[in-house]
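Engineer: First the structure, which I've put down as structure tokens, then a few questions once you've had a look.
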Amino acid sequence: MREGFSAINPYWDKDFFQFFSVFFSRLFYLLTGQLSLTDLASDEVQVFVLALVAISCGLLGVFLVLRKITMLANSLSHTILLGIVLAFVITRSLATYAGEEFSINFEILLIAALISAFLTTLFTQFLTHTVHLQEDASIGLVFTSLFAFGVVLVTSLSRSSHIGIEAVMGNVDALHVTDLKLIGLVTLINALAFSVFFKEFQLTSFDSVLATSLGISAKFFNYLIMVLVAMTSIGAFRAVGVLLVLSFLVAPAISARLLTNNLKTLLFLACSLGLFCSLCGVALSRHILSFYHIPLSTAGIVVTLMTLCYTLILVAKKTLKLAAKKRRA
Amino acid sequence: MNEEILHIENLSVNYDKTAVLWDISLSVPGGKLIGIIGPNGAGKSTLLKASMGLVSPITGKVEFYGKPFKKVRDRIAYVPQRSSVDWDFPVTVFDVVLMGIYGKLGFFKWPKLAHKEAAKQALEKVGMLAFAGRQISQLSSGQQQRVFIARALLQEADVYLLDEPFAGVDMATEKTIITLLDKLKAEGKTIFVVHHDLTCVDKYFDWVIMLNTCLIASGPVEDVFHAENLMRTYGKSAILLDEAAKLSQTKSAGL
Amino acid sequence: MNYSLFDFFTDPVFRAPTIGSMLMCLASSLIGVLVFIRRRSLLGEALSHATYPGVVISLVIMSLYFPDSEEKAALGILIGAFAFAFLGLFVIHQMETKLRVKSDAALCFVLSSFFGLGILIASRIQITHVSWYKKIQLFLYGQSATMTDIHILIYGALSLLIIAFLLLLFRSIKAIYFDVDFTKSLGMRVNFFENMIFLLLVLAICIGIRSVGVVLMSGMLIAPAIGARQYTHKLSLLFVLSGFFGMFSGFFGNYLSVFIPLVLQKEGEKTFSLPTGPMILLFAAFICALSFLVAPHTGLLSRSMRIIQFRRKCVVENALKTLWKKGIGEGAKKQAIFDGLKITRISSFFVLLKLVRQGWVEKLPSKNYQLTPFGFEYASRIVRLHRLWEVYLVSYLGQKVEKVHRNAEEMEHIITPELERELTELLKDPKIDPHKQPIPAKIGEL
């Protein structure tokens with residue numbers, strides 16, 4: 001859904017603050033039923049999708065950082081490209097999607113996620129246990145090879161490098177309401193998983209040995225997290241691409257860690273920071289488009305904002321500490 | 001209380017390329033404070049882990065009260081090594097202790113007021129109640145160890161398995177812990193302690209298991225903890241065993 | 001379109017991409033050996049992504065001020081990439097040491113933030129300067145097809161620089177990477193060398209991203225080293241093999257990225273091109289996979305063969321033991337020997353044939369079988385090892401007499417002459433085993 005006529009898009013020519021007023025009023029109409037999902041402007045779809053990505057990644061990211069497996073998440077987010085391609089090949093031919101429109105439905109998402117998680121684990125285990133290769137090299141070799149294979153496959157099958165590039169950058173402008181529904185489902189699953197199994201995730205992240213002895217299988221929750229990462233990456237695939245998902249996973253989590261020592265607050269803050277940056281990012285993108293007539297990458301803006309968030313919180317914390325020290329001295 | 005609490009038969013466990021435990025068979029009666037001693041890499045921690053099914057043995061079986069660990073999980077509490085955990089984790093002392101009942105709770109249920117009161121009592125027993133709200137990153141190693149033990153106490157088990165509880169811990173904490181363990185023993189519990197060196201073995205324990213990949217001895221301290229067995233456990237003679245074990249491993253890996 | 005392999009080196013269109021890629025991959029695979037040994041391959045991943053904003057910014061600047069100069073563009077991009085990768089290295093270090101962020105989170109943060117910044121800046125010119133944007137995109141997955149001779153010069157010179165450094169520092173590298181404590185005690189400036197290596201790593205990455213691309217660079221750093229590691233653990237050989245694997249991958253990756261689209265092309269379809277990076281990496285991964293299988297010592301094929309050979313040896317030795325117990329004289333019936341082995345009748349039959357053929361066993365006129373003198377020596381040794389081991393387990397490790405037989409059955413096939421010597425010495429050459437049976441004397445004292 002590329003930028004339509006200016007008359008149709010209510011955000012046309014709006015600046016940063018006007019964006020918010022239009023957005024919240026339309027949000028109100030949406031919630032009271034006066035507006036339906038199909039009436040949503042592309043900006044709103046972007047906000048909702050990015051917000052949902054932020055929430056999913058906020059929840060997941062905190063545990064990835066605490067379990068020190070963010071690199072594994074990076075690895076998995078690359079392998080999903082191959083998973084997606086294979087899922088398409090299994091369910092229908094990719095060649096018919098050589099054009100710009102190819103959307104992922106839930107069935108494909110699930111198959112792709114399972115394939116990716118399975119392939120990544122299979123090959124990495126094979127390398128570490130049978131070939132006795134060290135862990136960092138196994139991860140590095142497996143995901144780059146599988147990703148390379150995915151790129152070659154998708155470029156050959158669709159006869160263009162378009163999808164390959166999109167895989168890395170996303171294409172926020174091409175987001176549909178269907179993408180919204182998909183990421184909505186993924187976020188629901190993540191929210192359910194982390195609320196229902198909160199104490200199990202907490203325990204297996206803190207003391208996996210004790211967990212297993214208590215009958216809570218650390219292996220199961222490990223695998224569950226991997227599948228959730230794969231699903232979330234695929235859901236976020238069209239919006240931000242495989243690499244920027246990592247930013248959504250890591251930046252809010254480490255920023256939130258600077259602010260609190262309570263796990264539940266951590267989760268809340270990580271989601272909130274991601275949400276805030278997403279909202280501001282789309283607003284900023286619209287503002288720059290309206291005033292300077294430059295279309296920038298919304299995903300890039302959001303990631304840069306999240307990086308700034310971390311830096312600002314860090315600086316603020318250090319300054320407060322210094323000020324406190326000076327007061328005491 | 002002289003029923004057989006722990007029964008191990010022909011247990012052999014491998015890690016990577018070396019045999020860590022080799023053909024262990026022993027039986028231990030209940031109501032005792034048992035020390036597991038041996039040099040580094042002798043398989044002491046592995047013995048505990050294999051008993052709980054945390055590592056899979058190549059052969060052999062382990063039974064508590066005549067049943068595999070999974071069936072009697074509720075009666076056994078495990079205290080892992082302090083180093084197995086990241087103490088920067090965002091969680092308070094109280095939270096850690098409360099984790100002890102997550103297993104009994106099962107999925108979909110949350111700790112109730114009664115559990116929280118019990119957690120407070122457990123902290124009281126180890127003298128850490130004042131620290132309940134503190135972040136675990138601010139604890140000393142002795143305090144960390146006491147929190148771990150409080151967590152185990154919450155499980156109200158009959159058998160306790162402690163992995164190197166006295167390593168790197170100050171004298172006051174060591175005294176607190178051993179007093180607590182004696183109290184538990186007086187209540188009829190059975191306690192296994194992987195001990196990291198030879199200090200106070202005859203003072204603390206009434207039964208000792210001496211390990212160096214294979215079982216050197218298992219029995220009452222007076223009978224078994226003597227120079228000859230110590231030589232076998234810590235002496236050079238076991239080096240040949242390690243060499244042989246390594247050879248065996250490389251042969252079966254085809255290297 | 002018939003090109004011979006030589007054309008790739010001589011044809012003015014092909015030679016720059018080919019030779020350029022080969023040189024770039026050589027540089028990265030050499031540094032990659034060190035990255036691999038130090039287990040920092042994920043650092044390579046973070047740094048290669050960190051170069052992206054540098055590439056974007058320099059390309060824009062170079063295209064603005066020096067629009068016609070290829071060398072200046074290439075150099076500018078190198079400098080930009082280097083600067084940002086170096087900045088990334090600095091940030092990672094700060095986060096790990098001063099900010100108490102765990103290593104993996106620091107790497108992923110730098111990776112994604114820098115890359116996101118690059119994407120943001122690149123989007124600025126996406127529509128306004130399409131040709132510049134396309135050039136930037138080449139750096140994502142690598143595209144060496146548009147390289148010229150100038151690139152060969154620049155990248156070649158830099159690769160030679162890296163090789164020169166590695167040669168000069170070879171001894172120090174060997175010492176430092178294999179024994180940090182030792183060299184520290186000698187007062188060598190370990191940190192200085194580590195920093196040098198980091199700089200060379202950043203340089204190698206900046207060189208390599210034109211061919212392999214930002215996204216896949218980290219794989220290309222370690223894949224050749226992983227392959228080489230299957231053949232040796234000597235540092236010098238690792239460098240040599242890794243370099244060769246890297247160059248092969250560089251060459252064939254390029255070749256395949258041109259060749260495969262040609263093959264897949266059908267009549268009337270629009271032409272498409274494959275980026276070179278994925279093909280180079282896939283070829284390197286293929287070399288790894290092949291090495292995992294066929295490498296002489298560690299390869300799976302040879303390991304499987306050795307396992308089979310060992311099992312056969314055990315069966316042979318068990319047969320010999322059975323015969324030894326019957327003693328010299330009347331020998332043993334076929335069936336008695338078969339009973340001692342736990343394999344099928346047919347296999348036992350062949351084993352017996354092999355024993356006769358190899359001269360360990362002979363067939364008596366009475367249709368029984370017995371050991372030849374050579375066979376007797378061999379069998380005695382096996383029995384000796386078995387009983388020696390039992391003595392060791394009982395006397396030295398306090399094992400119960402009933403338990404030791406099973407383990408000795410296993411160890412008798414494994415104990416080496418050196419271990420036998422040590423056992424004899426430790427046990428003071430015992431003559432009787434725990435089951436009160438005599439231990440055969442040591443044969444053939446050297």
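Identifiers in the structure tokens: chain A, B, ... in order shown; residue index from 1 per chain; ligand index from 1 in order shown.
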What are the closest atom pairs, with distances in Å to one decimal, for all residues of chain C lying within 6 Å of chain A? Consider only C-alpha atoms, order rows by chain and residue number, and present the result as a Markdown table.

Structural biologist:
| residue | atom | partner | partner_atom | distance |
| --- | --- | --- | --- | --- |
| C:Asp104 | CA | A:Met71 | CA | 6.0 |
| C:Ser112 | CA | A:Ser247 | CA | 5.1 |
| C:Gly116 | CA | A:Gly300 | CA | 4.9 |
| C:Leu117 | CA | A:Thr304 | CA | 5.9 |
| C:Ile119 | CA | A:Gly300 | CA | 5.6 |
| C:Leu120 | CA | A:Gly300 | CA | 4.4 |
| C:Ser123 | CA | A:Leu296 | CA | 5.1 |
| C:Arg124 | CA | A:Leu296 | CA | 5.5 |
| C:Leu216 | CA | A:Thr144 | CA | 5.8 |
| C:Gly219 | CA | A:Leu141 | CA | 5.4 |
| C:Phe272 | CA | A:Arg159 | CA | 5.7 |
| C:Pro278 | CA | A:Ala148 | CA | 4.5 |
| C:Leu282 | CA | A:Ser145 | CA | 5.9 |

Engineer: Hey, list the chain B side of the contact with chain A: 6 Å cut-off, only C-alpha atoms, answer as a list in words.

Structural biologist: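 Applying the cut-off to the listed atoms yields Val85, Pro90 and Gly103 of chain B.
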
Engineer: Would you output that residue set with N, CA and C atoms, as an mmCIF file, in the first residue's frame?

Structural biologist:
data_model
loop_
_atom_site.group_PDB
_atom_site.id
_atom_site.type_symbol
_atom_site.label_atom_id
_atom_site.label_comp_id
_atom_site.auth_asym_id
_atom_site.auth_seq_id
_atom_site.Cartn_x
_atom_site.Cartn_y
_atom_site.Cartn_z
ATOM 1 N N VAL B 85 25.500 -19.852 38.726
ATOM 2 C CA VAL B 85 24.428 -18.875 38.580
ATOM 3 C C VAL B 85 25.011 -17.485 38.316
ATOM 4 N N PRO B 90 18.429 -9.791 37.845
ATOM 5 C CA PRO B 90 17.584 -8.845 38.588
ATOM 6 C C PRO B 90 16.531 -9.557 39.438
ATOM 7 N N GLY B 103 8.661 -25.881 41.629
ATOM 8 C CA GLY B 103 8.452 -27.228 41.119
ATOM 9 C C GLY B 103 7.155 -27.813 41.645
#

Engineer: Select residues of chain B: the criterion is any atom within 6 Å of an atom of chain C, counting only C-alpha atoms; output as a PyMOL selection string.

Structural biologist: chain B and resi 216+232+254-255

Engineer: Please provide as a short mmCIF file (atom, residue, chain, number, x, y, z; two decimals) with N, CA and C atoms, in the first residue's frame all residues within 12 Å of Val194 of chain B, with the sequence filter that same-chain residues fewer than 6 positions apart are discarded (counting only C-alpha atoms).

Structural biologist:
data_model
loop_
_atom_site.label_atom_id
_atom_site.label_comp_id
_atom_site.auth_asym_id
_atom_site.auth_seq_id
_atom_site.Cartn_x
_atom_site.Cartn_y
_atom_site.Cartn_z
N LEU B 33 24.88 -37.52 57.75
CA LEU B 33 25.50 -36.41 57.05
C LEU B 33 26.67 -37.00 56.26
N ILE B 34 26.52 -37.05 54.95
CA ILE B 34 27.49 -37.77 54.13
C ILE B 34 28.36 -36.81 53.35
N GLY B 35 29.67 -36.99 53.46
CA GLY B 35 30.59 -36.17 52.70
C GLY B 35 31.07 -36.90 51.46
N ILE B 36 31.09 -36.21 50.33
CA ILE B 36 31.62 -36.80 49.09
C ILE B 36 32.93 -36.08 48.81
N ILE B 37 34.03 -36.82 48.86
CA ILE B 37 35.32 -36.15 48.68
C ILE B 37 36.13 -36.79 47.57
N GLY B 38 37.06 -36.01 47.06
CA GLY B 38 37.92 -36.49 45.98
C GLY B 38 38.60 -35.30 45.34
N PRO B 39 39.62 -35.53 44.53
CA PRO B 39 40.32 -34.41 43.91
C PRO B 39 39.44 -33.74 42.84
N ASN B 40 39.95 -32.61 42.31
CA ASN B 40 39.20 -31.92 41.25
C ASN B 40 39.03 -32.81 40.04
N ALA B 42 37.16 -35.33 39.92
CA ALA B 42 36.93 -36.72 40.31
C ALA B 42 35.52 -37.18 40.02
N GLY B 43 34.64 -36.24 39.70
CA GLY B 43 33.27 -36.63 39.39
C GLY B 43 32.31 -36.44 40.53
N LYS B 44 32.68 -35.66 41.53
CA LYS B 44 31.82 -35.51 42.70
C LYS B 44 30.51 -34.82 42.34
N SER B 45 30.63 -33.66 41.66
CA SER B 45 29.41 -32.96 41.24
C SER B 45 28.62 -33.83 40.27
N THR B 46 29.36 -34.53 39.42
CA THR B 46 28.69 -35.37 38.43
C THR B 46 27.89 -36.46 39.11
N LEU B 47 28.38 -36.96 40.23
CA LEU B 47 27.64 -38.00 40.94
C LEU B 47 26.27 -37.47 41.35
N LEU B 48 26.25 -36.25 41.91
CA LEU B 48 24.98 -35.65 42.29
C LEU B 48 24.09 -35.45 41.07
N LYS B 49 24.69 -34.88 40.02
CA LYS B 49 23.89 -34.57 38.83
C LYS B 49 23.34 -35.83 38.19
N TYR B 78 17.95 -29.88 46.05
CA TYR B 78 19.30 -29.77 45.49
C TYR B 78 19.80 -28.34 45.67
N VAL B 79 21.02 -28.20 46.12
CA VAL B 79 21.66 -26.89 46.24
C VAL B 79 22.86 -26.86 45.30
N PRO B 80 22.74 -26.21 44.14
CA PRO B 80 23.83 -26.24 43.16
C PRO B 80 25.03 -25.41 43.61
N GLN B 81 26.10 -25.49 42.87
CA GLN B 81 27.26 -24.65 43.16
C GLN B 81 26.91 -23.20 42.93
N TYR B 160 18.81 -33.91 51.22
CA TYR B 160 19.40 -32.68 50.70
C TYR B 160 20.70 -33.00 49.99
N LEU B 161 20.88 -32.42 48.80
CA LEU B 161 22.12 -32.63 48.04
C LEU B 161 22.79 -31.27 47.90
N LEU B 162 23.95 -31.08 48.50
CA LEU B 162 24.62 -29.78 48.45
C LEU B 162 25.94 -29.90 47.70
N ASP B 163 26.12 -29.04 46.70
CA ASP B 163 27.34 -29.10 45.88
C ASP B 163 28.32 -28.02 46.32
N GLU B 164 29.38 -28.42 47.02
CA GLU B 164 30.45 -27.53 47.49
C GLU B 164 29.91 -26.30 48.22
N PRO B 165 29.13 -26.52 49.28
CA PRO B 165 28.57 -25.37 49.99
C PRO B 165 29.60 -24.58 50.77
N PHE B 166 30.76 -25.19 51.10
CA PHE B 166 31.72 -24.49 51.93
C PHE B 166 32.83 -23.83 51.12
N ALA B 167 32.79 -23.95 49.80
CA ALA B 167 33.86 -23.37 48.99
C ALA B 167 33.77 -21.86 48.98
N VAL B 201 36.69 -33.13 57.65
CA VAL B 201 35.85 -34.24 57.20
C VAL B 201 35.40 -35.10 58.37
N PHE B 205 31.28 -35.01 59.09
CA PHE B 205 30.48 -36.07 58.48
C PHE B 205 30.52 -37.37 59.27
N VAL B 208 31.28 -41.20 54.65
CA VAL B 208 32.03 -40.52 53.58
C VAL B 208 32.11 -41.39 52.33
N ILE B 209 31.99 -40.74 51.19
CA ILE B 209 32.15 -41.42 49.89
C ILE B 209 33.42 -40.86 49.26
N MET B 210 34.39 -41.73 49.02
CA MET B 210 35.65 -41.26 48.46
C MET B 210 35.71 -41.64 46.99
N LEU B 211 35.86 -40.61 46.16
CA LEU B 211 35.75 -40.81 44.71
C LEU B 211 37.00 -40.36 43.99
#

Engineer: Using only C-alpha atoms, determine which residues lie at most 9 Å from segment 254-265 of chain C, disregarding the query and same-chain residues fewer than 4 positions distant; provide the list as a VMD selection string.

Structural biologist: (chain A and resid 156 159) or (chain C and resid 5 8 17 to 18 21 143 to 145 211 249 to 250 269 to 280)

Engineer: With N, CA and C atoms retained, write the just-selected residues as a compact mmCIF listing (two decimals), in the first residue's frame.

Structural biologist:
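Result written to part.txt:
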# COMPACT_ATOMS: atom_id res chain seq x y z
N SER A 156 17.29 -16.70 -6.91
CA SER A 156 17.13 -17.54 -8.09
C SER A 156 15.67 -17.82 -8.38
N ARG A 159 13.95 -14.58 -9.33
CA ARG A 159 14.66 -13.91 -10.42
C ARG A 159 14.90 -12.43 -10.14
N LEU C 5 38.53 -21.23 -17.85
CA LEU C 5 38.89 -20.72 -16.53
C LEU C 5 39.96 -19.64 -16.62
N PHE C 8 39.13 -15.91 -16.78
CA PHE C 8 38.80 -15.18 -15.57
C PHE C 8 39.99 -14.38 -15.06
N PRO C 17 37.40 -8.49 -10.86
CA PRO C 17 36.58 -9.14 -9.84
C PRO C 17 37.22 -10.42 -9.33
N THR C 18 37.75 -11.22 -10.25
CA THR C 18 38.29 -12.51 -9.82
C THR C 18 39.49 -12.33 -8.90
N SER C 21 38.67 -10.40 -5.69
CA SER C 21 38.00 -11.23 -4.68
C SER C 21 38.96 -12.18 -4.03
N GLN C 143 29.34 -7.39 -4.31
CA GLN C 143 29.20 -7.57 -5.75
C GLN C 143 30.50 -7.14 -6.38
N SER C 144 31.32 -8.11 -6.71
CA SER C 144 32.64 -7.74 -7.21
C SER C 144 32.63 -7.48 -8.70
N ALA C 145 31.49 -7.71 -9.35
CA ALA C 145 31.47 -7.64 -10.81
C ALA C 145 31.88 -6.27 -11.36
N SER C 211 33.54 -7.66 -1.63
CA SER C 211 33.33 -8.96 -2.26
C SER C 211 32.24 -9.77 -1.57
N SER C 249 37.59 -20.15 -2.54
CA SER C 249 36.21 -19.70 -2.36
C SER C 249 36.01 -18.40 -3.12
N GLY C 250 36.99 -17.49 -3.02
CA GLY C 250 36.87 -16.23 -3.73
C GLY C 250 36.72 -16.45 -5.22
N GLU C 269 13.14 -14.76 -20.36
CA GLU C 269 13.05 -14.27 -18.98
C GLU C 269 13.99 -13.11 -18.80
N LYS C 270 13.65 -12.26 -17.85
CA LYS C 270 14.57 -11.15 -17.61
C LYS C 270 15.84 -11.68 -16.93
N THR C 271 16.94 -10.99 -17.25
CA THR C 271 18.20 -11.45 -16.66
C THR C 271 18.25 -11.06 -15.18
N PHE C 272 18.91 -11.89 -14.42
CA PHE C 272 19.12 -11.53 -13.03
C PHE C 272 20.54 -11.88 -12.66
N SER C 273 21.05 -11.28 -11.65
CA SER C 273 22.42 -11.62 -11.24
C SER C 273 22.42 -12.01 -9.78
N LEU C 274 23.31 -12.91 -9.47
CA LEU C 274 23.46 -13.32 -8.08
C LEU C 274 24.54 -12.48 -7.43
N PRO C 275 24.32 -12.03 -6.21
CA PRO C 275 25.40 -11.33 -5.52
C PRO C 275 26.53 -12.31 -5.22
N THR C 276 27.76 -11.78 -5.19
CA THR C 276 28.89 -12.70 -5.06
C THR C 276 29.07 -13.22 -3.63
N GLY C 277 28.73 -12.36 -2.65
CA GLY C 277 28.97 -12.75 -1.26
C GLY C 277 28.42 -14.11 -0.89
N PRO C 278 27.11 -14.33 -1.08
CA PRO C 278 26.56 -15.62 -0.70
C PRO C 278 27.23 -16.79 -1.40
N MET C 279 27.58 -16.63 -2.68
CA MET C 279 28.20 -17.75 -3.38
C MET C 279 29.58 -18.06 -2.82
N ILE C 280 30.34 -17.00 -2.53
CA ILE C 280 31.67 -17.22 -1.95
C ILE C 280 31.54 -17.95 -0.62

Engineer: Counting only C-alpha atoms, what is within 7 Å of segment 142-155 of chain B, bar same-chain residues fewer than 4 positions away, as a list in words?

Structural biologist: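 Once the adjacent positions are removed, what remains is Ala77, Tyr78, Val79, Arg82, Val93, Val96, Val97, Leu98, Met99, Gly100, Ile101, Ala118, Ala119, Ala122, Leu123, Val126, Pro165, Val169, Asp170 and Thr173 of chain B.
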
Engineer: Point out the residue among C:Ile226, C:Met147, C:Ile61, C:Cys108 with the least atom-to-atom distance to Met95 of chain C, counting only C-alpha atoms.

Structural biologist: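 Looking only at the distances to Met95 of chain C, the closest residue turns out to be C:Cys108.
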